[in-house]
>>> print(open('coords_38.txt').read())   # compact mmCIF, C-alpha atoms
# COMPACT_ATOMS: atom_id res chain seq x y z
CA MET A 1 -21.91 33.05 -19.45
CA THR A 2 -20.58 31.24 -16.35
CA ASN A 3 -18.14 28.41 -16.95
CA PRO A 4 -19.03 25.00 -15.54
CA THR A 5 -16.83 23.76 -12.70
CA VAL A 6 -14.19 21.31 -13.85
CA VAL A 7 -13.93 18.30 -11.52
CA LEU A 8 -10.66 16.41 -11.96
CA VAL A 9 -10.68 12.73 -10.94
CA HIS A 10 -7.32 11.03 -10.56
CA GLY A 11 -6.69 7.35 -11.20
CA ALA A 12 -4.81 4.53 -9.50
CA PHE A 13 -1.27 4.75 -8.11
CA ALA A 14 -1.54 8.55 -7.93
CA ASP A 15 -3.29 11.31 -6.02
CA ALA A 16 -4.94 14.63 -6.82
CA THR A 17 -1.66 16.56 -6.75
CA GLY A 18 -0.88 15.01 -10.13
CA TRP A 19 -3.26 17.59 -11.59
CA ILE A 20 -1.14 20.52 -10.35
CA GLY A 21 -0.11 21.77 -13.80
CA VAL A 22 -3.58 21.27 -15.27
CA ILE A 23 -5.16 23.18 -12.39
CA ALA A 24 -2.78 26.09 -12.94
CA GLU A 25 -3.59 26.17 -16.66
CA LEU A 26 -7.35 26.14 -16.09
CA ARG A 27 -7.29 28.77 -13.36
CA SER A 28 -5.21 31.06 -15.55
CA SER A 29 -8.17 30.98 -17.96
CA GLY A 30 -10.70 31.77 -15.25
CA ILE A 31 -12.17 28.27 -15.15
CA PRO A 32 -13.26 27.04 -11.70
CA VAL A 33 -11.67 23.69 -10.89
CA ILE A 34 -11.52 21.22 -8.04
CA ALA A 35 -9.73 17.87 -7.69
CA PRO A 36 -11.24 15.61 -5.02
CA SER A 37 -9.41 12.62 -3.58
CA ASN A 38 -10.39 9.28 -5.12
CA PRO A 39 -10.77 6.50 -2.49
CA LEU A 40 -9.56 3.78 -4.95
CA ARG A 41 -11.58 1.08 -3.18
CA GLY A 42 -13.70 -0.19 -6.09
CA LEU A 43 -15.81 1.06 -8.96
CA THR A 44 -19.15 0.91 -7.15
CA SER A 45 -18.13 2.71 -3.96
CA ASP A 46 -15.77 5.16 -5.66
CA ALA A 47 -18.44 6.18 -8.18
CA ALA A 48 -20.94 6.63 -5.35
CA TYR A 49 -18.43 8.83 -3.52
CA LEU A 50 -17.90 10.95 -6.64
CA ALA A 51 -21.66 11.22 -7.22
CA SER A 52 -22.10 12.44 -3.64
CA PHE A 53 -19.35 14.99 -4.20
CA LEU A 54 -20.99 16.20 -7.42
CA ALA A 55 -24.31 16.67 -5.62
CA GLN A 56 -22.55 19.33 -3.53
CA VAL A 57 -21.03 21.17 -6.50
CA GLU A 58 -23.05 24.27 -7.31
CA GLY A 59 -24.06 24.54 -10.96
CA PRO A 60 -22.99 22.52 -14.00
CA ALA A 61 -19.81 20.44 -14.02
CA VAL A 62 -17.43 18.97 -16.57
CA LEU A 63 -15.97 15.71 -15.29
CA VAL A 64 -12.38 14.79 -16.20
CA GLY A 65 -11.08 11.30 -15.46
CA HIS A 66 -7.51 10.06 -15.74
CA ALA A 67 -6.91 6.31 -16.11
CA TYR A 68 -9.18 4.42 -13.67
CA GLY A 69 -10.85 7.78 -13.03
CA GLY A 70 -12.38 7.41 -16.49
CA ALA A 71 -14.47 4.51 -15.22
CA LEU A 72 -15.71 6.63 -12.32
CA ILE A 73 -16.80 9.56 -14.48
CA THR A 74 -18.57 7.08 -16.76
CA VAL A 75 -20.82 6.06 -13.87
CA ALA A 76 -21.01 9.22 -11.74
CA GLY A 77 -21.32 11.34 -14.88
CA ALA A 78 -24.99 10.39 -15.08
CA ALA A 79 -25.64 13.10 -12.48
CA ASP A 80 -27.97 15.84 -13.73
CA ASN A 81 -25.44 18.64 -13.32
CA VAL A 82 -22.74 16.93 -15.40
CA VAL A 83 -22.66 18.46 -18.89
CA GLY A 84 -19.53 16.88 -20.34
CA LEU A 85 -16.96 14.11 -19.87
CA VAL A 86 -13.25 14.27 -20.62
CA TYR A 87 -11.19 11.07 -20.63
CA VAL A 88 -7.41 11.35 -20.23
CA ALA A 89 -5.40 8.16 -20.91
CA ALA A 90 -8.46 6.49 -19.47
CA TYR A 91 -10.70 3.48 -19.37
CA VAL A 92 -14.11 4.12 -20.97
CA PRO A 93 -16.31 1.16 -19.99
CA HIS A 94 -19.80 0.38 -21.21
CA GLU A 95 -22.78 -0.27 -18.96
CA GLY A 96 -22.49 -3.75 -17.45
CA GLU A 97 -18.80 -4.04 -18.33
CA SER A 98 -15.89 -4.41 -15.89
CA LEU A 99 -12.43 -3.04 -16.46
CA GLY A 100 -11.14 -6.59 -16.57
CA GLN A 101 -13.55 -7.41 -19.39
CA LEU A 102 -12.65 -4.24 -21.28
CA GLN A 103 -8.91 -4.83 -20.92
CA GLY A 104 -9.35 -8.54 -21.68
CA GLY A 105 -10.20 -7.82 -25.30
CA PHE A 106 -6.68 -6.54 -25.92
CA PRO A 107 -3.10 -7.70 -25.28
CA ALA A 108 -1.94 -7.12 -21.73
CA SER A 109 0.10 -3.98 -21.09
CA PRO A 110 3.44 -4.03 -19.20
CA LEU A 111 1.50 -2.91 -16.12
CA THR A 112 0.03 -6.39 -15.68
CA GLY A 113 3.34 -8.02 -14.86
CA SER A 114 4.55 -5.14 -12.69
CA LEU A 115 1.93 -5.15 -9.93
CA LYS A 116 2.69 -5.86 -6.28
CA GLU A 117 -0.09 -7.18 -4.05
CA TRP A 118 -0.88 -5.95 -0.55
CA THR A 119 -3.75 -6.70 1.81
CA TYR A 120 -5.94 -4.47 3.94
CA PRO A 121 -8.61 -5.28 6.57
CA LEU A 122 -12.34 -5.02 5.98
CA LEU A 123 -14.88 -4.07 8.63
CA ASP A 124 -16.18 -7.65 8.82
CA GLY A 125 -12.73 -8.93 9.77
CA ASP A 126 -11.82 -10.30 6.35
CA CYS A 127 -8.99 -8.99 4.22
CA ALA A 128 -9.05 -7.63 0.68
CA VAL A 129 -6.30 -7.23 -1.89
CA GLU A 130 -4.91 -4.00 -3.31
CA VAL A 131 -2.06 -3.41 -5.74
CA THR A 132 0.71 -0.93 -6.45
CA ILE A 133 3.33 -0.84 -9.19
CA GLU A 134 6.75 -2.26 -8.31
CA GLU A 135 8.96 0.74 -7.58
CA THR A 136 11.66 -0.30 -10.04
CA ALA A 137 9.09 -0.66 -12.82
CA PHE A 138 7.12 2.48 -12.01
CA PRO A 139 9.12 5.01 -14.09
CA SER A 140 8.95 3.02 -17.33
CA VAL A 141 5.36 1.81 -16.87
CA PHE A 142 3.72 4.94 -15.48
CA ALA A 143 5.92 7.97 -16.03
CA ALA A 144 8.40 7.45 -18.85
CA ASP A 145 8.28 11.11 -19.95
CA VAL A 146 8.59 12.57 -16.45
CA PRO A 147 12.00 13.50 -14.95
CA GLU A 148 13.61 10.51 -13.25
CA ASP A 149 13.77 12.12 -9.81
CA VAL A 150 10.08 13.04 -9.97
CA ALA A 151 9.14 9.55 -11.13
CA GLY A 152 11.03 8.13 -8.17
CA VAL A 153 9.06 10.25 -5.72
CA LEU A 154 5.79 9.26 -7.41
CA ALA A 155 6.74 5.60 -7.12
CA ALA A 156 7.39 5.94 -3.38
CA ALA A 157 4.19 7.90 -2.76
CA GLN A 158 1.78 5.96 -4.98
CA ARG A 159 -1.69 5.10 -3.66
CA PRO A 160 -2.82 1.48 -4.01
CA LEU A 161 -5.90 0.37 -5.92
CA ALA A 162 -8.24 -2.31 -4.56
CA THR A 163 -8.47 -5.21 -7.01
CA ALA A 164 -12.27 -5.00 -6.76
CA ALA A 165 -11.92 -2.11 -9.21
CA PHE A 166 -11.12 -4.60 -11.97
CA THR A 167 -14.12 -6.89 -11.42
CA GLU A 168 -17.04 -4.62 -10.49
CA THR A 169 -19.17 -3.59 -13.46
CA ALA A 170 -20.26 -0.11 -14.51
CA SER A 171 -23.91 0.45 -13.54
CA THR A 172 -24.40 3.00 -16.32
CA ALA A 173 -22.48 4.67 -19.15
CA ALA A 174 -22.94 8.43 -18.97
CA TRP A 175 -21.27 8.92 -22.36
CA ARG A 176 -24.46 7.59 -23.95
CA THR A 177 -26.21 10.86 -23.07
CA LYS A 178 -23.37 13.31 -22.38
CA PRO A 179 -20.85 14.70 -24.90
CA SER A 180 -17.32 13.42 -24.41
CA TRP A 181 -13.71 14.19 -25.28
CA ALA A 182 -10.69 11.90 -25.00
CA LEU A 183 -6.94 12.29 -24.95
CA VAL A 184 -5.07 9.15 -25.99
CA ALA A 185 -1.52 8.75 -24.64
CA GLY A 186 0.22 7.03 -27.52
CA ALA A 187 3.18 5.71 -25.49
CA ASP A 188 1.13 4.58 -22.49
CA ARG A 189 2.44 1.34 -20.92
CA ALA A 190 -0.21 1.13 -18.19
CA ILE A 191 -3.46 1.34 -20.19
CA SER A 192 -2.61 0.44 -23.76
CA PRO A 193 -3.42 3.07 -26.39
CA GLU A 194 -5.57 0.48 -28.18
CA VAL A 195 -7.86 0.25 -25.14
CA GLN A 196 -8.06 4.03 -24.95
CA ARG A 197 -8.86 4.40 -28.65
CA PHE A 198 -11.51 1.68 -28.54
CA GLY A 199 -13.34 3.23 -25.58
CA ALA A 200 -13.16 6.73 -27.01
CA ALA A 201 -14.49 5.61 -30.40
CA ARG A 202 -17.32 3.65 -28.80
CA ALA A 203 -18.30 6.72 -26.79
CA GLY A 204 -18.24 8.93 -29.89
CA ALA A 205 -15.69 11.17 -28.19
CA VAL A 206 -13.75 13.99 -29.80
CA VAL A 207 -10.24 12.48 -29.76
CA VAL A 208 -6.80 14.05 -29.47
CA GLU A 209 -3.75 11.77 -29.52
CA LEU A 210 -0.29 12.59 -28.19
CA PRO A 211 1.94 9.90 -29.76
CA ASP A 212 4.84 10.23 -27.31
CA ALA A 213 2.89 10.73 -24.08
CA SER A 214 3.16 8.29 -21.18
CA HIS A 215 0.45 7.34 -18.73
CA ALA A 216 1.53 10.34 -16.64
CA VAL A 217 0.42 12.73 -19.38
CA VAL A 218 -1.37 14.98 -16.86
CA LEU A 219 2.06 15.77 -15.39
CA SER A 220 4.17 15.74 -18.55
CA GLU A 221 1.75 17.61 -20.83
CA PRO A 222 -0.50 19.73 -18.58
CA ALA A 223 -1.07 22.45 -21.20
CA ARG A 224 -2.22 19.92 -23.80
CA VAL A 225 -4.53 18.24 -21.29
CA ALA A 226 -5.91 21.61 -20.20
CA ASP A 227 -6.50 22.63 -23.83
CA LEU A 228 -8.79 19.64 -24.35
CA ILE A 229 -10.65 20.40 -21.12
CA LYS A 230 -11.07 24.01 -22.25
CA ASP A 231 -12.59 22.72 -25.51
CA ALA A 232 -15.13 20.78 -23.45
CA VAL A 233 -15.89 23.80 -21.25
CA ARG A 234 -16.43 26.02 -24.31
CA ALA A 235 -18.62 23.42 -26.02
CA THR A 236 -20.87 22.75 -23.05
CA GLY A 237 -21.03 26.19 -21.49
CA GLY A 238 -22.92 24.67 -18.59
CA HIS A 239 -26.13 24.34 -20.61
CA SER A 240 -28.45 21.32 -20.60
CA SER A 241 -28.49 21.57 -24.41
CA ALA A 242 -25.16 19.71 -24.27
CA LEU A 243 -27.04 16.53 -23.44
CA ARG A 244 -27.51 14.11 -26.32
CA PRO A 245 -29.62 10.95 -26.32
CA ARG A 246 -27.88 7.88 -27.72
>>> encode(input="coords_38.txt", output="structure tokens")
Amino acid sequence: MTNPTVVLVHGAFADATGWIGVIAELRSSGIPVIAPSNPLRGLTSDAAYLASFLAQVEGPAVLVGHAYGGALITVAGAADNVVGLVYVAAYVPHEGESLGQLQGGFPASPLTGSLKEWTYPLLDGDCAVEVTIEETAFPSVFAADVPEDVAGVLAAAQRPLATAAFTETASTAAWRTKPSWALVAGADRAISPEVQRFGAARAGAVVVELPDASHAVVLSEPARVADLIKDAVRATGGHSSALRPR
């Protein structure tokens, strides 16, 4: 039996290199894996980009989304070749729901008061707003269980997220028809654990919780993250029988 390809989708304020430990763990088990760059320009366009990428992946795929990447796999995961979804410290929106609406049902996390606004030009001459995390707040908000020197580099190299990502709504919810797994980071100060648990429960996901993990769990606990992904790979096996109507 051929393993499905694991497609790792990073979230905001990070890039695909954050998956380095997870990639090593999966490859050591013979699982094909790829981690495309996420444009971070908004849910609609980013999901379309991911869907286009998936259309060029040969065979079945298991989608893994960290943080904001969870919203993207929720939409792009409707692709025919996607056989499973894995959410890692992630948003899990419903169809027609924005991330702002999902987060709005819960107390704000420390991330909310730690964002710095920037602007960037649009093709029509207007400007749009994007955000990063204040460098001094980044270690405690994003990477509390990562070595301080590494957290400092991450803070300097973070990629901004367009604020459109918070207001655009999910056009579909792939977890309604695809099996899902979720890792909840219990000490997350960016996306509160309550938001993660709510989304995972609503999706009927198989849930693993790491009580002391920060938002940067893909870096601090790559073996634990990879173990959950391996569970999804074993369960789906790349077969369409993994699909489930809901």
>>> atom_distance(input="coords_38.txt", atom1="CA of Ala165 in chain A", atom2="CA of Pro4 in chain A")
28.7 Å
>>> atom_distance(input="coords_38.txt", atom1="CA of Leu219 in chain A", atom2="CA of Ala143 in chain A")
8.7 Å
>>> closest_residue(input="coords_38.txt", among="A:Asp46, A:Glu97, A:Glu148, A:Asp15", to="His66 in chain A", atoms="all atoms listed in the file")
A:Asp15
>>> closest_residue(input="coords_38.txt", among="A:Thr119, A:Thr177, A:Thr17, A:Ser98", to="Leu154 in chain A", atoms="only C-alpha atoms")
A:Thr17
>>> residues_around(input="coords_38.txt", residues="Ala216 in chain A", least_positions_apart="2", cutoff="12 Å", atoms="only C-alpha atoms", output="PyMOL selection string")
chain A and resi 10-15+18-19+21+66-67+88-90+138-147+150-151+154-155+184-191+210+212-214+218-222+225
>>> atom_distance(input="coords_38.txt", atom1="CA of Leu99 in chain A", atom2="CA of Ala223 in chain A")
28.3 Å
>>> closest_residue(input="coords_38.txt", among="A:Ala16, A:Ala48, A:Leu26, A:Val233", to="Val86 in chain A", atoms="only C-alpha atoms")
A:Val233
>>> residues_around(input="coords_38.txt", residues="Val83 in chain A", least_positions_apart="2", cutoff="12 Å", atoms="all atoms listed in the file", output="VMD selection string")
chain A and resid 3 to 7 54 59 to 64 73 76 to 81 85 to 86 174 to 175 177 to 181 232 to 244
>>> residues_around(input="coords_38.txt", residues="range 112-115 of chain A", least_positions_apart="2", cutoff="12 Å", atoms="only C-alpha atoms", output="PyMOL selection string")
chain A and resi 12-13+100+103-104+107-110+117-118+129-142+160-163+166+189-192
>>> closest_residue(input="coords_38.txt", among="A:Ala51, A:Val92, A:Ile34, A:Leu102", to="Thr167 in chain A", atoms="all atoms listed in the file")
A:Leu102
>>> closest_residue(input="coords_38.txt", among="A:Arg159, A:Val57, A:Gln101, A:Ala182", to="Pro39 in chain A", atoms="all atoms listed in the file")
A:Arg159
>>> axis_aligned_box(input="coords_38.txt", around="range 176-181 of chain A", padding_each_side="8 Å", output="JSON")
{"center_x": -20.0, "center_y": 11.1, "center_z": -23.8, "size_x": 28.5, "size_y": 23.1, "size_z": 18.9}
>>> closest_residue(input="coords_38.txt", among="A:Ala24, A:Leu111, A:Ala35, A:Leu72", to="His94 in chain A", atoms="only C-alpha atoms")
A:Leu72
